[in-house]
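K.L.:
Pasting upload.json here (JSON, C-alpha atoms):
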[["chain", "number", "residue", "atom", "x", "y", "z"],
["A", 1090, "MET", "CA", 3.29, -40.57, 26.23],
["A", 1091, "ARG", "CA", -0.23, -39.36, 25.33],
["A", 1092, "CYS", "CA", 0.70, -35.76, 26.30],
["A", 1093, "ALA", "CA", 3.81, -35.96, 24.10],
["A", 1094, "CYS", "CA", 1.68, -37.05, 21.11],
["A", 1095, "ILE", "CA", -0.84, -34.24, 21.66],
["A", 1096, "TYR", "CA", 2.00, -31.72, 22.01],
["A", 1097, "PHE", "CA", 3.56, -32.99, 18.77],
["A", 1098, "LEU", "CA", 0.23, -32.71, 16.89],
["A", 1099, "ILE", "CA", -0.31, -29.15, 18.15],
["A", 1100, "LEU", "CA", 3.24, -28.22, 17.16],
["A", 1101, "LEU", "CA", 2.79, -29.76, 13.72],
["A", 1102, "ALA", "CA", -0.54, -27.94, 13.22],
["A", 1103, "GLY", "CA", 1.06, -24.64, 14.23],
["A", 1104, "GLU", "CA", 3.91, -25.09, 11.76],
["A", 1105, "SER", "CA", 1.40, -25.97, 9.06],
["A", 1106, "CYS", "CA", -0.51, -22.73, 9.72],
["A", 1107, "ASP", "CA", 2.72, -20.72, 9.67],
["A", 1108, "SER", "CA", 3.75, -22.17, 6.31],
["A", 1109, "GLN", "CA", 0.31, -21.37, 4.90],
["A", 1110, "LYS", "CA", 0.65, -17.76, 6.04],
["A", 1111, "LYS", "CA", 3.97, -17.37, 4.23],
["A", 1112, "GLU", "CA", 2.55, -18.77, 1.00],
["A", 1113, "SER", "CA", -0.68, -16.79, 1.14],
["A", 1114, "PRO", "CA", -2.00, -15.99, -2.34],
["A", 1115, "ALA", "CA", -3.28, -12.69, -0.96],
["A", 1116, "GLU", "CA", 0.30, -11.38, -0.68],
["A", 1117, "LYS", "CA", 3.31, -11.06, -2.92],
["A", 1118, "SER", "CA", 6.96, -10.33, -2.30],
["A", 1119, "ILE", "CA", 8.62, -7.32, -3.90],
["A", 1120, "THR", "CA", 12.37, -6.74, -4.09],
["A", 1121, "VAL", "CA", 13.78, -3.22, -4.12],
["A", 1122, "GLY", "CA", 17.58, -3.08, -4.15],
["A", 1123, "SER", "CA", 18.87, -5.06, -1.19],
["A", 1124, "LEU", "CA", 15.43, -5.26, 0.49],
["A", 1125, "THR", "CA", 12.29, -7.33, 0.16],
["A", 1126, "MET", "CA", 8.83, -6.61, 1.47],
["A", 1127, "THR", "CA", 5.49, -8.34, 1.45],
["A", 1128, "VAL", "CA", 2.53, -6.43, 0.04],
["A", 1129, "PRO", "CA", -1.11, -7.30, -0.57],
["A", 1130, "PHE", "CA", -1.61, -8.88, -3.99],
["A", 1131, "SER", "CA", -4.32, -6.29, -4.68],
["A", 1132, "LEU", "CA", -1.74, -3.49, -4.88],
["A", 1133, "GLU", "CA", -0.44, -2.62, -8.32],
["A", 1134, "TYR", "CA", 3.37, -2.37, -8.41],
["A", 1135, "THR", "CA", 4.62, 0.07, -11.05],
["A", 1136, "LYS", "CA", 8.24, 0.97, -11.76],
["A", 1137, "ALA", "CA", 9.04, 4.52, -12.78],
["A", 1138, "SER", "CA", 12.15, 6.32, -13.97],
["A", 1139, "GLY", "CA", 14.09, 8.30, -11.39],
["A", 1140, "LEU", "CA", 16.96, 10.65, -12.07],
["A", 1141, "ASP", "CA", 19.28, 9.48, -9.31],
["A", 1142, "SER", "CA", 17.38, 6.64, -7.65],
["A", 1143, "TYR", "CA", 15.14, 3.64, -8.24],
["A", 1144, "VAL", "CA", 11.51, 4.78, -8.13],
["A", 1145, "ALA", "CA", 8.33, 2.71, -7.99],
["A", 1146, "TYR", "CA", 4.74, 2.98, -6.80],
["A", 1147, "LEU", "CA", 2.29, 0.73, -4.99],
["A", 1148, "ILE", "CA", -1.20, 1.79, -6.03],
["A", 1149, "ALA", "CA", -4.21, 0.78, -3.93],
["A", 1150, "ASN", "CA", -7.76, 0.32, -5.21],
["A", 1151, "LYS", "CA", -8.79, 3.78, -4.01],
["A", 1152, "LYS", "CA", -5.86, 5.24, -5.96],
["A", 1153, "ASP", "CA", -3.90, 5.86, -2.78],
["A", 1154, "THR", "CA", -0.27, 5.61, -3.81],
["A", 1155, "PHE", "CA", 2.78, 4.52, -1.83],
["A", 1156, "HIS", "CA", 5.91, 6.09, -3.31],
["A", 1157, "ILE", "CA", 9.07, 3.97, -3.14],
["A", 1158, "GLU", "CA", 12.60, 5.27, -3.60],
["A", 1159, "TYR", "CA", 15.92, 3.48, -3.30],
["A", 1160, "GLY", "CA", 19.20, 5.29, -3.86],
["A", 1161, "GLY", "CA", 21.64, 7.77, -2.39],
["A", 1162, "GLN", "CA", 21.10, 9.16, 1.09],
["A", 1163, "LYS", "CA", 19.83, 12.54, -0.11],
["A", 1164, "ILE", "CA", 16.52, 11.01, -1.26],
["A", 1165, "ILE", "CA", 15.33, 10.87, 2.32],
["A", 1166, "TYR", "CA", 16.14, 14.37, 3.43],
["A", 1167, "ASP", "CA", 14.38, 15.96, 0.46],
["A", 1168, "LEU", "CA", 11.03, 14.45, 1.49],
["A", 1169, "PHE", "CA", 10.41, 16.01, 4.88],
["A", 1170, "PRO", "CA", 8.37, 19.19, 4.67],
["A", 1171, "HIS", "CA", 9.13, 21.94, 7.14],
["A", 1172, "PRO", "CA", 6.40, 22.59, 9.72],
["A", 1173, "PRO", "CA", 4.89, 26.05, 9.97],
["A", 1174, "MET", "CA", 6.88, 28.50, 12.07],
["A", 1175, "ALA", "CA", 5.12, 29.83, 15.15],
["A", 1176, "VAL", "CA", 5.62, 33.53, 15.89],
["A", 1177, "SER", "CA", 4.49, 35.87, 18.64],
["A", 1178, "GLU", "CA", 1.31, 37.92, 18.31],
["A", 1179, "ASN", "CA", 3.40, 41.11, 17.83],
["A", 1180, "ASP", "CA", 5.50, 39.52, 15.05],
["A", 1181, "GLY", "CA", 2.33, 38.22, 13.39],
["A", 1182, "GLU", "CA", 0.78, 41.70, 13.41],
["A", 1183, "SER", "CA", 4.00, 43.17, 12.00],
["A", 1184, "MET", "CA", 4.00, 40.60, 9.16],
["A", 1185, "ARG", "CA", 0.35, 41.32, 8.37],
["A", 1186, "LYS", "CA", 1.09, 45.06, 8.29],
["A", 1187, "ASN", "CA", 4.21, 44.77, 6.10],
["A", 1188, "LEU", "CA", 3.09, 41.94, 3.79],
["A", 1189, "GLY", "CA", -0.63, 42.53, 3.77],
["A", 1190, "LYS", "CA", -1.25, 39.04, 5.14],
["A", 1191, "LEU", "CA", 0.37, 36.34, 7.24],
["A", 1192, "PRO", "CA", 2.56, 33.97, 5.16],
["A", 1193, "GLU", "CA", 1.12, 30.46, 4.69],
["A", 1194, "ASP", "CA", 4.00, 28.81, 6.55],
["A", 1195, "VAL", "CA", 3.60, 31.01, 9.65],
["A", 1196, "VAL", "CA", 1.15, 30.68, 12.57],
["A", 1197, "VAL", "CA", 0.62, 33.01, 15.51],
["A", 1198, "SER", "CA", 0.90, 31.46, 18.94],
["A", 1199, "LYS", "CA", 0.97, 32.74, 22.47],
["A", 1200, "TYR", "CA", 3.54, 30.04, 23.34],
["A", 1201, "TYR", "CA", 5.49, 30.23, 20.08],
["A", 1202, "LYS", "CA", 8.92, 29.29, 21.53],
["A", 1203, "ASN", "CA", 7.71, 26.00, 23.03],
["A", 1204, "ASP", "CA", 5.47, 25.31, 20.04],
["A", 1205, "ASN", "CA", 8.46, 25.58, 17.68],
["A", 1206, "LEU", "CA", 10.62, 23.37, 19.92],
["A", 1207, "GLN", "CA", 7.90, 20.72, 20.13],
["A", 1208, "ASN", "CA", 6.81, 20.94, 16.46],
["A", 1209, "ILE", "CA", 3.23, 21.45, 17.61],
["A", 1210, "PHE", "CA", 2.10, 22.64, 14.17],
["A", 1211, "ASP", "CA", 3.71, 19.79, 12.22],
["A", 1212, "LYS", "CA", 1.19, 17.39, 10.67],
["A", 1213, "ASN", "CA", 3.26, 14.31, 11.54],
["A", 1214, "PHE", "CA", 4.95, 12.39, 14.34],
["A", 1215, "TYR", "CA", 8.46, 11.02, 13.73],
["A", 1216, "THR", "CA", 10.00, 8.10, 15.62],
["A", 1217, "TYR", "CA", 12.84, 5.63, 15.24],
["A", 1218, "ASP", "CA", 12.11, 1.92, 15.35],
["A", 1219, "THR", "CA", 13.78, -1.36, 14.46],
["A", 1220, "ILE", "CA", 12.20, -3.64, 11.89],
["A", 1221, "ASN", "CA", 13.87, -7.01, 11.27],
["A", 1222, "SER", "CA", 17.15, -5.64, 12.72],
["A", 1223, "ILE", "CA", 17.04, -2.54, 10.47],
["A", 1224, "VAL", "CA", 16.88, 0.91, 12.08],
["A", 1225, "VAL", "CA", 14.08, 2.89, 10.43],
["A", 1226, "LYS", "CA", 12.50, 6.30, 10.85],
["A", 1227, "VAL", "CA", 8.71, 6.04, 10.87],
["A", 1228, "VAL", "CA", 6.43, 8.97, 10.13],
["A", 1229, "GLN", "CA", 2.71, 8.96, 10.78],
["A", 1230, "PRO", "CA", 0.11, 11.70, 10.72],
["A", 1231, "LYS", "CA", -1.12, 13.27, 13.91],
["A", 1232, "ARG", "CA", -4.63, 13.08, 12.46],
["A", 1233, "THR", "CA", -5.65, 10.16, 10.25],
["A", 1234, "GLY", "CA", -6.33, 11.35, 6.73],
["A", 1235, "THR", "CA", -4.07, 14.40, 6.91],
["A", 1236, "GLY", "CA", -0.32, 13.95, 6.70],
["A", 1237, "MET", "CA", 2.31, 11.43, 5.73],
["A", 1238, "THR", "CA", 2.61, 7.71, 6.52],
["A", 1239, "GLY", "CA", 6.07, 6.42, 5.77],
["A", 1240, "CYS", "CA", 9.12, 4.38, 6.58],
["A", 1241, "TYR", "CA", 12.62, 5.71, 5.92],
["A", 1242, "ILE", "CA", 15.89, 3.83, 6.16],
["A", 1243, "PRO", "CA", 18.72, 6.37, 6.09],
["A", 1244, "GLU", "CA", 21.53, 3.88, 5.59],
["A", 1245, "LEU", "CA", 21.41, 0.30, 4.34],
["A", 1246, "LYS", "CA", 24.27, -2.22, 4.34],
["A", 1247, "ASP", "CA", 25.07, -1.26, 0.73],
["A", 1248, "GLY", "CA", 25.29, 2.46, 1.62],
["A", 1249, "ASN", "CA", 22.02, 3.38, -0.08],
["A", 1250, "SER", "CA", 18.80, 4.67, 1.46],
["A", 1251, "PHE", "CA", 15.22, 3.49, 1.13],
["A", 1252, "CYS", "CA", 11.85, 5.11, 1.66],
["A", 1253, "ILE", "CA", 8.22, 4.19, 1.20],
["A", 1254, "TYR", "CA", 5.53, 6.74, 1.96],
["A", 1255, "ALA", "CA", 2.00, 7.90, 1.14],
["A", 1256, "GLU", "CA", -0.08, 10.92, 2.06],
["A", 1257, "ASN", "CA", -3.56, 11.51, 3.46],
["A", 1258, "LEU", "CA", -4.48, 7.83, 3.93],
["A", 1259, "ASP", "CA", -7.64, 6.54, 5.57],
["A", 1260, "SER", "CA", -7.19, 4.32, 8.63],
["A", 1261, "ALA", "CA", -7.49, 1.01, 6.72],
["A", 1262, "THR", "CA", -4.87, 1.93, 4.12],
["A", 1263, "GLN", "CA", -2.61, 3.39, 6.81],
["A", 1264, "SER", "CA", -2.85, 0.11, 8.75],
["A", 1265, "MET", "CA", -1.97, -1.81, 5.57],
["A", 1266, "GLY", "CA", 1.04, 0.48, 5.13],
["A", 1267, "PHE", "CA", 2.33, -0.35, 8.60],
["A", 1268, "ARG", "CA", 1.97, -4.10, 7.83],
["A", 1269, "ILE", "CA", 4.06, -3.55, 4.69],
["A", 1270, "PHE", "CA", 6.68, -1.61, 6.69],
["A", 1271, "ARG", "CA", 6.95, -4.42, 9.26],
["A", 1272, "SER", "CA", 7.66, -6.92, 6.47],
["A", 1273, "ILE", "CA", 10.76, -5.08, 5.18],
["A", 1274, "LYS", "CA", 13.96, -7.13, 5.48],
["A", 1275, "TYR", "CA", 17.24, -7.78, 3.72],
["A", 1276, "LYS", "CA", 17.00, -10.35, 0.96]]
Please lay out the structure from this file as structure tokens.
P.N.:
Amino acid sequence: MRCACIYFLILLAGESCDSQKKESPAEKSITVGSLTMTVPFSLEYTKASGLDSYVAYLIANKKDTFHIEYGGQKIIYDLFPHPPMAVSENDGESMRKNLGKLPEDVVVSKYYKNDNLQNIFDKNFYTYDTINSIVVKVVQPKRTGTGMTGCYIPELKDGNSFCIYAENLDSATQSMGFRIFRSIKYK
């Protein structure tokens, strides 16, 4: 009987802590289309005007900005920059001779075929994940501070797409971004 009472008190205390977490004044809920997400209260949420999609921004104290878009599926595919193309040393020399310099989006590599296949010169890693039963594409920089941190949902239940991303974040802001991403769910 005594163990049952102690178990009940622990369970009650745990539920009390959980309900306090959900109502934390340090966070606020934001709705974008058919989704909601929880963001730190310190972030400024600003709506903008988009041509073919809903556009908004989450601005951090350091002026780091998370871009938010909700709309047709093409919004996602326009955001991914192409990585530099690796070429052989001979092709690089030929480009330098003909153009006077190597183009900015070209790098010379001894192992150029494998480097292109493996996107060695891309600034970011891309992976698929599932957040609250939603399949998302997550992008994160290979080196903190240089590259994109983002979450892309190519197809929502309503047929639209969603993305939230920022560039060149420090480790603390990047970590905050991943907490925001993990809070995304259908309303």
K.L.:
A:Cys1252, A:Met1174, A:Ile1209, A:Ile1273: which is nearest Ser1222 of chain A, counting only C-alpha atoms?
P.N.:
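The answer is A:Ile1273, which sits nearest to Ser1222 of chain A.
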K.L.:
Skip Ser1250 of chain A itself and residues of its chain fewer than 3 positions away, then list as a PyMOL selection string all residues within 6 Å of it, counting only C-alpha atoms.
P.N.:
chain A and resi 1159-1162+1242-1245
K.L.:
Given the choices A:Gly1122, A:Gly1236, A:Leu1132, A:Pro1172, which gets closest to Asp1153 of chain A if the distance is worked out from only C-alpha atoms?
P.N.:
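Result for the nearest residue to Asp1153 of chain A: A:Leu1132.
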K.L.:
Restricting the calculation to all atoms listed in the file, which member of A:Ile1223, A:Tyr1217, A:Glu1193, A:Ala1255 is positioned closest to Thr1235 of chain A?
P.N.:
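Closest candidate: A:Ala1255.
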K.L.:
Atom CA of Lys1231 of chain A to atom CA of Asp1194 of chain A: how many Å, to one decimal?
P.N.:
17.9 Å
K.L.:
Once you count all atoms listed in the file, which residues end up no further than 9 Å from (1.8, 24.3, 14.7) in the file's frame, shown as a short mmCIF file (atom, residue, chain, number, x, y, z; two decimals) with C-alpha atoms, in the frame of the given file?
P.N.:
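So the final result, stored in selection_27.cif, reads:
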data_model
loop_
_atom_site.label_atom_id
_atom_site.label_comp_id
_atom_site.auth_asym_id
_atom_site.auth_seq_id
_atom_site.Cartn_x
_atom_site.Cartn_y
_atom_site.Cartn_z
CA PRO A 1172 6.40 22.59 9.72
CA PRO A 1173 4.89 26.05 9.97
CA MET A 1174 6.88 28.50 12.07
CA ALA A 1175 5.12 29.83 15.15
CA VAL A 1195 3.60 31.01 9.65
CA VAL A 1196 1.15 30.68 12.57
CA VAL A 1197 0.62 33.01 15.51
CA SER A 1198 0.90 31.46 18.94
CA TYR A 1201 5.49 30.23 20.08
CA ASP A 1204 5.47 25.31 20.04
CA ASN A 1205 8.46 25.58 17.68
CA GLN A 1207 7.90 20.72 20.13
CA ASN A 1208 6.81 20.94 16.46
CA ILE A 1209 3.23 21.45 17.61
CA PHE A 1210 2.10 22.64 14.17
CA ASP A 1211 3.71 19.79 12.22
CA LYS A 1212 1.19 17.39 10.67
#
K.L.:
Please report the interatomic distance between atom CA of Lys1274 of chain A and atom CA of Thr1127 of chain A in Å with one decimal.
P.N.:
9.5 Å
K.L.:
For a test of reading the model, state the distance in Å between atom CA of Ile1148 of chain A and atom CA of Val1128 of chain A, rounded to one decimal.
P.N.:
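Atom CA of Ile1148 of chain A sits 10.9 Å away from atom CA of Val1128 of chain A.
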K.L.:
Please write a file for segment 1118-1148 of chain A, taken from the block I just shared, that holds N, CA and C atoms and is laid out as a JSON list (two decimals), in the first residue's frame.
P.N.:
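Once written, decode-v6.json looks like this:
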[["chain", "number", "residue", "atom", "x", "y", "z"],
["A", 1118, "SER", "N", 3.74, 29.27, -29.27],
["A", 1118, "SER", "CA", 3.34, 28.42, -30.39],
["A", 1118, "SER", "C", 3.04, 29.31, -31.59],
["A", 1119, "ILE", "N", 3.50, 28.87, -32.75],
["A", 1119, "ILE", "CA", 3.26, 29.60, -33.99],
["A", 1119, "ILE", "C", 2.59, 28.64, -34.97],
["A", 1120, "THR", "N", 1.58, 29.12, -35.65],
["A", 1120, "THR", "CA", 0.87, 28.33, -36.65],
["A", 1120, "THR", "C", 1.22, 28.86, -38.04],
["A", 1121, "VAL", "N", 1.61, 27.94, -38.90],
["A", 1121, "VAL", "CA", 1.90, 28.26, -40.30],
["A", 1121, "VAL", "C", 1.14, 27.24, -41.14],
["A", 1122, "GLY", "N", 0.10, 27.68, -41.82],
["A", 1122, "GLY", "CA", -0.71, 26.77, -42.61],
["A", 1122, "GLY", "C", -1.30, 25.68, -41.75],
["A", 1123, "SER", "N", -1.03, 24.43, -42.09],
["A", 1123, "SER", "CA", -1.57, 23.29, -41.36],
["A", 1123, "SER", "C", -0.64, 22.82, -40.24],
["A", 1124, "LEU", "N", 0.43, 23.56, -39.97],
["A", 1124, "LEU", "CA", 1.42, 23.15, -38.98],
["A", 1124, "LEU", "C", 1.49, 24.12, -37.81],
["A", 1125, "THR", "N", 1.95, 23.59, -36.67],
["A", 1125, "THR", "CA", 2.31, 24.44, -35.54],
["A", 1125, "THR", "C", 3.72, 24.07, -35.12],
["A", 1126, "MET", "N", 4.38, 25.02, -34.48],
["A", 1126, "MET", "CA", 5.70, 24.76, -33.93],
["A", 1126, "MET", "C", 5.89, 25.63, -32.70],
["A", 1127, "THR", "N", 6.76, 25.18, -31.83],
["A", 1127, "THR", "CA", 7.06, 25.90, -30.61],
["A", 1127, "THR", "C", 8.41, 26.57, -30.77],
["A", 1128, "VAL", "N", 8.44, 27.88, -30.47],
["A", 1128, "VAL", "CA", 9.68, 28.65, -30.62],
["A", 1128, "VAL", "C", 9.95, 29.41, -29.33],
["A", 1129, "PRO", "N", 11.20, 29.73, -29.07],
["A", 1129, "PRO", "CA", 11.50, 30.55, -27.90],
["A", 1129, "PRO", "C", 10.78, 31.90, -27.99],
["A", 1130, "PHE", "N", 10.27, 32.36, -26.87],
["A", 1130, "PHE", "CA", 9.55, 33.63, -26.81],
["A", 1130, "PHE", "C", 10.44, 34.80, -27.25],
["A", 1131, "SER", "N", 11.75, 34.65, -27.09],
["A", 1131, "SER", "CA", 12.69, 35.72, -27.43],
["A", 1131, "SER", "C", 12.80, 35.97, -28.93],
["A", 1132, "LEU", "N", 12.33, 35.03, -29.75],
["A", 1132, "LEU", "CA", 12.40, 35.22, -31.20],
["A", 1132, "LEU", "C", 11.27, 36.13, -31.66],
["A", 1133, "GLU", "N", 11.60, 37.03, -32.55],
["A", 1133, "GLU", "CA", 10.59, 37.92, -33.13],
["A", 1133, "GLU", "C", 10.02, 37.24, -34.37],
["A", 1134, "TYR", "N", 8.68, 37.12, -34.42],
["A", 1134, "TYR", "CA", 8.01, 36.49, -35.55],
["A", 1134, "TYR", "C", 7.44, 37.59, -36.43],
["A", 1135, "THR", "N", 7.89, 37.66, -37.69],
["A", 1135, "THR", "CA", 7.47, 38.70, -38.60],
["A", 1135, "THR", "C", 6.93, 38.07, -39.88],
["A", 1136, "LYS", "N", 5.72, 38.46, -40.25],
["A", 1136, "LYS", "CA", 5.14, 37.99, -41.52],
["A", 1136, "LYS", "C", 5.62, 38.90, -42.63],
["A", 1137, "ALA", "N", 5.79, 38.32, -43.80],
["A", 1137, "ALA", "CA", 6.22, 39.08, -44.98],
["A", 1137, "ALA", "C", 5.28, 38.75, -46.12],
["A", 1138, "SER", "N", 5.44, 39.43, -47.24],
["A", 1138, "SER", "CA", 4.58, 39.13, -48.38],
["A", 1138, "SER", "C", 5.36, 38.32, -49.40],
["A", 1139, "GLY", "N", 4.81, 37.16, -49.74],
["A", 1139, "GLY", "CA", 5.41, 36.29, -50.74],
["A", 1139, "GLY", "C", 4.57, 36.31, -52.00],
["A", 1140, "LEU", "N", 5.19, 36.05, -53.12],
["A", 1140, "LEU", "CA", 4.46, 36.06, -54.38],
["A", 1140, "LEU", "C", 3.54, 34.86, -54.53],
["A", 1141, "ASP", "N", 4.05, 33.67, -54.21],
["A", 1141, "ASP", "CA", 3.26, 32.46, -54.40],
["A", 1141, "ASP", "C", 3.25, 31.57, -53.16],
["A", 1142, "SER", "N", 3.63, 32.13, -52.01],
["A", 1142, "SER", "CA", 3.63, 31.34, -50.79],
["A", 1142, "SER", "C", 3.54, 32.26, -49.58],
["A", 1143, "TYR", "N", 3.24, 31.65, -48.43],
["A", 1143, "TYR", "CA", 3.24, 32.37, -47.16],
["A", 1143, "TYR", "C", 4.70, 32.49, -46.72],
["A", 1144, "VAL", "N", 5.13, 33.68, -46.36],
["A", 1144, "VAL", "CA", 6.51, 33.91, -45.97],
["A", 1144, "VAL", "C", 6.54, 34.60, -44.61],
["A", 1145, "ALA", "N", 7.43, 34.15, -43.75],
["A", 1145, "ALA", "CA", 7.62, 34.79, -42.44],
["A", 1145, "ALA", "C", 9.07, 34.60, -42.02],
["A", 1146, "TYR", "N", 9.43, 35.28, -40.94],
["A", 1146, "TYR", "CA", 10.79, 35.21, -40.41],
["A", 1146, "TYR", "C", 10.76, 35.08, -38.90],
["A", 1147, "LEU", "N", 11.69, 34.32, -38.37],
["A", 1147, "LEU", "CA", 11.96, 34.27, -36.94],
["A", 1147, "LEU", "C", 13.32, 34.91, -36.76],
["A", 1148, "ILE", "N", 13.37, 36.02, -36.05],
["A", 1148, "ILE", "CA", 14.61, 36.77, -35.91],
["A", 1148, "ILE", "C", 15.13, 36.61, -34.49]]
